[in-house]
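The file run_16.cif contains mmCIF, C-alpha atoms and all ligand atoms:
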data_run
loop_
_atom_site.label_atom_id
_atom_site.label_comp_id
_atom_site.auth_asym_id
_atom_site.auth_seq_id
_atom_site.Cartn_x
_atom_site.Cartn_y
_atom_site.Cartn_z
CA MET A 3 -2.80 22.66 -26.03
CA MET A 4 -3.75 20.45 -23.05
CA GLN A 5 -1.57 17.37 -22.54
CA TYR A 6 -2.99 14.09 -21.26
CA LEU A 7 -1.43 11.22 -19.35
CA GLU A 8 -2.87 7.92 -20.52
CA THR A 9 -2.47 5.38 -17.74
CA LEU A 10 -4.22 2.22 -18.84
CA HIS A 11 -4.21 0.57 -22.23
CA GLY A 12 -6.11 -2.08 -24.14
CA PRO A 13 -9.90 -2.40 -23.96
CA TYR A 14 -10.33 0.10 -21.11
CA GLY A 15 -8.50 3.39 -20.74
CA GLN A 16 -7.95 6.16 -18.24
CA TYR A 17 -6.47 9.55 -18.88
CA PHE A 18 -5.72 12.63 -16.81
CA ALA A 19 -5.49 16.19 -18.06
CA VAL A 20 -1.99 17.40 -17.19
CA GLU A 21 -2.92 20.93 -16.16
CA ARG A 22 0.57 21.80 -14.95
CA GLU A 23 3.55 19.52 -15.15
CA LEU A 24 5.70 19.90 -12.03
CA TYR A 25 8.39 17.34 -12.84
CA ARG A 26 9.17 14.72 -15.46
CA ASP A 27 12.31 12.59 -15.75
CA LYS A 28 13.66 9.08 -15.84
CA THR A 29 14.99 7.92 -12.46
CA GLU A 30 17.42 5.03 -12.19
CA TYR A 31 14.43 2.64 -12.06
CA GLN A 32 11.37 4.22 -13.65
CA ASP A 33 9.76 7.13 -15.54
CA LEU A 34 8.48 9.61 -12.99
CA VAL A 35 5.94 12.38 -13.62
CA ILE A 36 4.33 14.73 -11.11
CA PHE A 37 1.57 17.01 -12.36
CA GLU A 38 -1.55 18.89 -11.32
CA ASN A 39 -5.05 17.82 -12.26
CA GLN A 40 -8.21 19.74 -11.38
CA THR A 41 -10.05 16.69 -10.00
CA PHE A 42 -7.25 14.86 -8.20
CA GLY A 43 -4.87 17.63 -7.17
CA LYS A 44 -1.22 16.66 -7.43
CA VAL A 45 -0.63 13.31 -9.11
CA LEU A 46 2.47 11.05 -9.04
CA ALA A 47 2.84 8.52 -11.88
CA LEU A 48 5.58 5.92 -12.31
CA ASP A 49 6.07 4.15 -15.64
CA GLY A 50 2.72 5.57 -16.78
CA ALA A 51 0.76 4.16 -13.81
CA VAL A 52 -0.78 6.56 -11.31
CA GLN A 53 0.67 5.86 -7.87
CA THR A 54 -0.92 8.43 -5.68
CA THR A 55 -2.80 11.72 -5.65
CA THR A 56 -3.29 14.38 -3.01
CA ALA A 57 -7.09 14.06 -3.37
CA ASP A 58 -7.69 10.37 -2.71
CA ASN A 59 -4.51 8.76 -1.32
CA HIS A 60 -6.03 8.58 2.18
CA ALA A 61 -8.43 5.82 1.04
CA TYR A 62 -5.36 3.76 0.14
CA HIS A 63 -2.82 4.62 2.83
CA GLU A 64 -5.25 4.62 5.74
CA MET A 65 -6.59 1.21 4.73
CA LEU A 66 -3.11 -0.23 4.25
CA LEU A 67 -1.94 0.79 7.74
CA HIS A 68 -4.82 1.14 10.21
CA PRO A 69 -6.48 -2.29 9.82
CA PRO A 70 -3.31 -4.28 10.61
CA LEU A 71 -2.09 -1.88 13.31
CA LEU A 72 -5.43 -1.62 15.13
CA ALA A 73 -6.20 -5.34 14.77
CA HIS A 74 -2.78 -6.18 16.22
CA GLY A 75 -3.16 -3.65 19.01
CA GLN A 76 0.38 -3.94 20.38
CA ALA A 77 2.58 -3.40 17.34
CA LYS A 78 5.92 -1.79 18.11
CA ARG A 79 7.80 -2.29 14.85
CA VAL A 80 6.39 -1.70 11.39
CA LEU A 81 8.08 -2.44 8.07
CA ILE A 82 6.89 -0.68 4.91
CA ILE A 83 8.19 -2.02 1.60
CA GLY A 84 8.06 0.59 -1.19
CA GLY A 85 5.86 3.57 -0.35
CA GLY A 86 8.37 6.23 -1.46
CA ASP A 87 5.74 8.99 -1.53
CA GLY A 88 5.61 8.78 2.29
CA GLY A 89 1.81 8.32 2.65
CA SER A 90 2.15 4.96 4.41
CA LEU A 91 4.83 6.32 6.72
CA ARG A 92 2.50 9.24 7.55
CA GLU A 93 -0.23 6.83 8.71
CA ALA A 94 2.20 4.49 10.52
CA VAL A 95 3.71 7.18 12.77
CA LYS A 96 0.24 8.19 14.01
CA HIS A 97 0.31 4.98 16.09
CA PRO A 98 2.12 4.43 19.41
CA ILE A 99 4.82 2.34 17.72
CA GLU A 100 8.57 2.46 18.38
CA ARG A 101 9.84 2.24 14.84
CA ALA A 102 8.62 2.37 11.24
CA VAL A 103 11.24 1.22 8.74
CA MET A 104 10.51 2.08 5.10
CA VAL A 105 12.52 0.19 2.47
CA GLU A 106 12.27 1.92 -0.91
CA ILE A 107 14.31 0.96 -3.97
CA ASP A 108 14.22 4.34 -5.71
CA PRO A 109 15.60 7.31 -3.72
CA ALA A 110 14.33 9.70 -6.42
CA VAL A 111 10.71 8.88 -5.53
CA ILE A 112 11.35 9.89 -1.91
CA GLU A 113 13.28 13.03 -2.81
CA LEU A 114 10.85 14.27 -5.48
CA SER A 115 7.75 13.42 -3.42
CA GLN A 116 9.15 15.44 -0.54
CA ARG A 117 9.92 18.32 -2.90
CA TYR A 118 6.68 18.39 -4.93
CA LEU A 119 4.17 16.48 -2.77
CA PRO A 120 5.10 17.34 0.84
CA GLU A 121 1.46 16.90 1.91
CA LEU A 122 1.75 13.18 1.20
CA SER A 123 4.28 12.48 3.95
CA ASP A 124 3.16 15.47 6.08
CA GLY A 125 6.50 15.57 7.92
CA ALA A 126 6.67 11.80 8.56
CA PHE A 127 10.18 11.48 7.10
CA SER A 128 11.55 13.60 9.96
CA ASN A 129 9.51 11.83 12.64
CA PRO A 130 11.91 10.19 15.15
CA LYS A 131 10.10 6.84 14.74
CA ALA A 132 10.78 6.79 10.97
CA GLU A 133 13.80 5.19 9.36
CA VAL A 134 14.38 5.03 5.60
CA VAL A 135 16.46 2.30 3.98
CA ILE A 136 17.27 2.55 0.26
CA ALA A 137 17.25 -1.05 -0.95
CA ASP A 138 15.30 -3.66 -2.86
CA GLY A 139 12.57 -4.74 -0.44
CA CYS A 140 12.87 -8.34 -1.60
CA ARG A 141 16.53 -8.42 -0.74
CA TYR A 142 15.97 -6.60 2.56
CA VAL A 143 13.52 -9.19 3.93
CA ALA A 144 15.79 -12.01 2.72
CA GLU A 145 18.75 -10.63 4.67
CA THR A 146 17.55 -8.69 7.74
CA GLU A 147 17.68 -10.13 11.24
CA GLU A 148 15.04 -7.65 12.42
CA ARG A 149 11.52 -8.76 13.27
CA PHE A 150 8.36 -6.71 12.73
CA ASP A 151 4.82 -6.91 14.10
CA VAL A 152 3.29 -5.50 10.91
CA ILE A 153 4.67 -5.57 7.36
CA VAL A 154 2.97 -3.46 4.69
CA VAL A 155 3.84 -3.87 1.01
CA ASP A 156 3.07 -0.51 -0.62
CA SER A 157 4.37 -1.52 -4.02
CA THR A 158 3.97 -0.65 -7.65
CA ASP A 159 2.17 -3.21 -9.85
CA PRO A 160 3.89 -6.55 -10.62
CA ILE A 161 5.94 -5.14 -13.48
CA GLY A 162 9.40 -3.54 -13.39
CA PRO A 163 11.13 -3.33 -9.97
CA GLY A 164 7.89 -4.23 -8.14
CA ALA A 165 7.53 -7.68 -9.76
CA VAL A 166 9.68 -9.40 -7.09
CA LEU A 167 7.28 -8.15 -4.40
CA PHE A 168 4.57 -10.53 -5.69
CA THR A 169 6.60 -13.76 -5.47
CA SER A 170 6.31 -16.70 -3.05
CA ASP A 171 9.97 -16.27 -2.05
CA PHE A 172 9.29 -12.68 -1.00
CA TYR A 173 6.18 -13.67 1.02
CA ARG A 174 8.15 -16.49 2.68
CA ASP A 175 10.83 -14.02 3.76
CA CYS A 176 8.17 -11.58 5.02
CA LYS A 177 6.75 -14.41 7.14
CA ARG A 178 10.22 -15.08 8.57
CA CYS A 179 10.51 -11.38 9.48
CA LEU A 180 7.18 -11.28 11.34
CA THR A 181 6.96 -11.66 15.11
CA PRO A 182 4.51 -14.37 16.30
CA GLY A 183 0.98 -13.05 15.76
CA GLY A 184 2.23 -10.50 13.22
CA VAL A 185 0.43 -9.58 10.01
CA LEU A 186 1.43 -8.91 6.39
CA VAL A 187 -0.63 -6.56 4.22
CA THR A 188 -0.12 -6.13 0.46
CA GLN A 189 -1.59 -4.08 -2.39
CA HIS A 190 -3.10 -6.34 -5.00
CA GLY A 191 -4.68 -4.11 -7.62
CA VAL A 192 -8.25 -3.86 -8.86
CA PRO A 193 -9.82 -7.30 -9.47
CA ARG A 194 -11.98 -6.09 -12.38
CA LEU A 195 -8.81 -5.17 -14.27
CA GLN A 196 -6.18 -7.42 -12.64
CA PRO A 197 -8.06 -10.65 -11.76
CA ASP A 198 -5.02 -12.90 -12.17
CA GLU A 199 -3.01 -10.82 -9.71
CA LEU A 200 -5.64 -11.58 -7.05
CA THR A 201 -5.94 -15.31 -7.74
CA ASP A 202 -2.17 -15.68 -7.86
CA GLY A 203 -1.70 -13.72 -4.62
CA TYR A 204 -4.32 -15.75 -2.76
CA ARG A 205 -2.75 -19.03 -3.85
CA LYS A 206 0.69 -17.92 -2.71
CA LEU A 207 -0.42 -16.43 0.62
CA THR A 208 -2.68 -19.35 1.63
CA ALA A 209 0.21 -21.74 0.96
CA LEU A 210 2.31 -19.93 3.58
CA PHE A 211 -0.01 -18.50 6.24
CA ALA A 212 -2.66 -20.05 8.51
CA ASP A 213 -5.03 -17.22 7.63
CA ALA A 214 -5.02 -15.33 4.33
CA THR A 215 -7.69 -13.24 2.69
CA PHE A 216 -8.20 -9.91 0.93
CA TYR A 217 -10.07 -6.81 1.99
CA LEU A 218 -11.38 -3.89 -0.03
CA THR A 219 -10.95 -0.17 -0.38
CA VAL A 220 -12.13 2.24 -3.03
CA VAL A 221 -9.54 4.62 -4.46
CA PRO A 222 -11.01 6.56 -7.40
CA THR A 223 -7.70 6.97 -9.24
CA TYR A 224 -7.18 3.17 -9.21
CA THR A 225 -10.10 2.99 -11.57
CA GLY A 226 -12.26 -0.07 -12.27
CA GLY A 227 -13.99 -0.58 -8.91
CA ALA A 228 -12.84 -1.60 -5.44
CA MET A 229 -9.19 -2.58 -5.02
CA THR A 230 -7.98 -5.54 -3.01
CA LEU A 231 -5.44 -5.49 -0.19
CA GLY A 232 -3.94 -8.80 0.90
CA TRP A 233 -4.02 -9.91 4.56
CA ALA A 234 -1.86 -12.79 5.78
CA SER A 235 -1.15 -13.94 9.33
CA ASP A 236 -0.67 -17.08 11.38
CA GLU A 237 -3.10 -15.61 13.91
CA PRO A 238 -6.68 -15.98 12.56
CA ALA A 239 -8.15 -14.06 15.52
CA LEU A 240 -6.61 -10.82 14.17
CA ARG A 241 -9.22 -10.76 11.44
CA ARG A 242 -12.05 -11.03 13.96
CA VAL A 243 -11.21 -8.39 16.55
CA PRO A 244 -14.55 -7.16 18.00
CA LEU A 245 -15.82 -3.74 16.96
CA GLU A 246 -15.68 -2.42 20.55
CA THR A 247 -11.98 -3.32 20.81
CA LEU A 248 -11.20 -1.62 17.49
CA GLU A 249 -13.14 1.45 18.63
CA GLU A 250 -11.18 1.65 21.88
CA ARG A 251 -7.87 1.41 20.02
CA PHE A 252 -9.04 3.90 17.38
CA ALA A 253 -10.14 6.56 19.91
CA PRO A 254 -6.85 8.56 19.79
CA LEU A 255 -7.10 8.70 15.98
CA ASP A 256 -10.78 9.59 15.85
CA GLY A 257 -11.23 12.75 13.75
CA LYS A 258 -7.80 12.30 12.14
CA THR A 259 -8.85 9.92 9.35
CA ARG A 260 -10.89 10.54 6.20
CA TYR A 261 -11.71 6.99 5.09
CA TYR A 262 -10.90 4.57 7.91
CA ASN A 263 -13.07 3.92 10.92
CA PRO A 264 -13.61 0.61 12.76
CA SER A 265 -16.95 -0.08 11.01
CA VAL A 266 -15.34 0.44 7.59
CA HIS A 267 -12.50 -1.82 8.77
CA GLN A 268 -14.88 -4.69 9.55
CA ALA A 269 -17.02 -4.15 6.43
CA ALA A 270 -13.90 -4.16 4.21
CA PHE A 271 -13.47 -7.89 4.81
CA ALA A 272 -16.91 -8.68 3.31
CA LEU A 273 -16.19 -9.86 -0.24
CA PRO A 274 -18.74 -10.05 -3.08
CA PRO A 275 -19.22 -13.55 -4.57
CA GLU A 276 -17.43 -12.52 -7.78
CA VAL A 277 -14.30 -11.64 -5.77
CA GLN A 278 -14.58 -14.81 -3.66
CA ARG A 279 -14.75 -16.81 -6.88
CA LEU A 280 -11.55 -15.16 -8.13
CA LEU A 281 -9.79 -16.15 -4.91
CA ARG A 282 -10.74 -19.79 -5.20
CA ARG A 283 -10.20 -20.23 -8.94
CA SER A 284 -6.96 -22.05 -9.58
N1 LIG B 1 0.04 3.45 -4.19
C1 LIG B 1 0.76 2.84 -5.20
C2 LIG B 1 -0.01 1.89 -6.07
O1 LIG B 1 -0.87 1.13 -5.58
O2 LIG B 1 0.18 1.94 -7.26
C3 LIG B 1 2.11 2.45 -4.76
C4 LIG B 1 2.89 3.70 -4.48
S1 LIG B 1 4.50 3.62 -3.92
C5 LIG B 1 5.07 5.15 -4.64
C6 LIG B 1 5.29 2.30 -4.78
C7 LIG B 1 6.78 2.34 -4.55
O3 LIG B 1 7.31 1.02 -4.58
C8 LIG B 1 7.56 3.13 -5.60
O4 LIG B 1 8.12 4.27 -5.00
C9 LIG B 1 8.64 2.15 -6.10
O5 LIG B 1 9.89 2.76 -6.34
C10 LIG B 1 8.68 1.16 -4.95
N2 LIG B 1 9.23 -0.16 -5.32
C11 LIG B 1 9.02 -0.86 -6.45
N3 LIG B 1 9.72 -2.01 -6.42
C12 LIG B 1 10.38 -2.05 -5.23
C13 LIG B 1 11.25 -2.98 -4.62
N4 LIG B 1 11.60 -4.11 -5.23
N5 LIG B 1 11.72 -2.70 -3.37
C14 LIG B 1 11.38 -1.55 -2.74
N6 LIG B 1 10.56 -0.62 -3.28
C15 LIG B 1 10.06 -0.87 -4.51
#
How does this structure look as structure tokens?
Amino acid sequence: MMQYLETLHGPYGQYFAVERELYRDKTEYQDLVIFENQTFGKVLALDGAVQTTTADNHAYHEMLLHPPLLAHGQAKRVLIIGGGDGGSLREAVKHPIERAVMVEIDPAVIELSQRYLPELSDGAFSNPKAEVVIADGCRYVAETEERFDVIVVDSTDPIGPGAVLFTSDFYRDCKRCLTPGGVLVTQHGVPRLQPDELTDGYRKLTALFADATFYLTVVPTYTGGAMTLGWASDEPALRRVPLETLEERFAPLDGKTRYYNPSVHQAAFALPPEVQRLLRRS
């Protein structure tokens, strides 16, 4: 009999047929399942929430990494918080950076993703620019003396070990770890289903940064409509880099992306009134 993974609860549900279970166990931090689904390919779920799939992860990882890196234009050091499946690292090392440090709390996510979902990282873990630190990302940014041009928070939702990655203290420490003109990007869920997460994030980020907003991407497995990614910087011009400049910087990546291009980048910052209203509600 077919098994199903139910990933959302309450008035709106989502379930995936588990066509072939590849792995299921409890790690030190969370319940981890990897399975195959006809529509989405290989699927990784943590604590019952789908994290990534081989079919649509590019719409998430490309939009987390390329907008900040191409808007910045001269980034040398990138910090990824979370992101154990390696998809963010994969996109980061495509850029002419010196170092991408990934700080993941759960080593089992890295190990099992490399074993069962190698296409997610696509060799990025052995790229000489990549460095993996096993630690709580919140603690890492509170303690490190390193500075980064781009910080990307590729976290789980604000429950369990990921909850600390949505706090003002964490954002304040991220700001301290940014070089002047640096940018912080965060994942902030789907506003139709997680409206409070967006309002709360906007309030916290605008209190700390000269320029804070959200931009959109559409990842079918994060069901419920477009998802929001947070953008925070003390350099407002980063959000308004001209299309021609983005296109010049993107040229070496042209043909290597499936979702991102400079026009999508600029359009992603256009927010529907209902999302703008959620930002400003207090
Ligand atoms: N794409 C996903 C989403 O939007 O649902 C996120 C995927 S990624 C696999 C999330 C990672 O964040 C997980 O591997 C989890 O272990 C890690 N994580 C959660 N809390 C963390 C923390 N406090 N510090 C570092 N990593 C953390």
query = Can you tell me which residues sit at most 9 Å away from ligand LIG 1 (chain B), counting all atoms listed in the file, written as a ChimeraX atom specification?
reply = /A:31-32,46-48,51-55,59,62-63,82-90,104-112,115,136-142,155-167,189-191,224
12 Å contact set for Leu7 (chain A), only C-alpha atoms, chain neighbours under 2 positions out, as a PyMOL selection string = chain A and resi 4-5+9-11+15-23+26+34-39+45-52
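One distance worth recording is that between CA of Leu67 (chain A) and CA of Ala269 (chain A), which is 15.9 Å.
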request  = Fewer than 4 positions away in the same chain doesn't count, so skip those; otherwise give me all residues within 7 Å of Arg149 (chain A), counting all atoms listed in the file, as a list in words.
outcome  =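 Within the cut-off, the hits are Cys179, Leu180 and Thr181 of chain A.
The residue that comes closest to Pro254 (chain A), out of A:Val192, A:Ala212, A:Leu72, A:Ala228 and on the basis of all atoms listed in the file, is A:Leu72.
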inquiry  = Please list as a PyMOL selection string every residue within 8 Å of region 236-247 of chain A, counting all atoms listed in the file and excluding residues in the same chain fewer than 4 positions away.
reply    = chain A and resi 73-74+182-185+211-213+251+264-265+268
note = Using all atoms listed in the file, the residue out of A:Thr225, A:Thr201, A:Thr219, A:Thr259 with shortest distance to Arg283 (chain A) is A:Thr201
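If you look at CA of Val143 (chain A) and CA of Leu207 (chain A), they are 16.1 Å away from each other.
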task = Could you check how far CA of Val221 (chain A) sits from CA of His60 (chain A), in Å to one decimal?
result = 8.5 Å
key: Residue with smallest distance to Arg79 (chain A) - pool A:Pro197, A:Glu100, A:Asp202, A:Glu64, counting all atoms listed in the file   =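 Among A:Pro197, A:Glu100, A:Asp202, A:Glu64, it is A:Glu100 that comes nearest to Arg79 (chain A).
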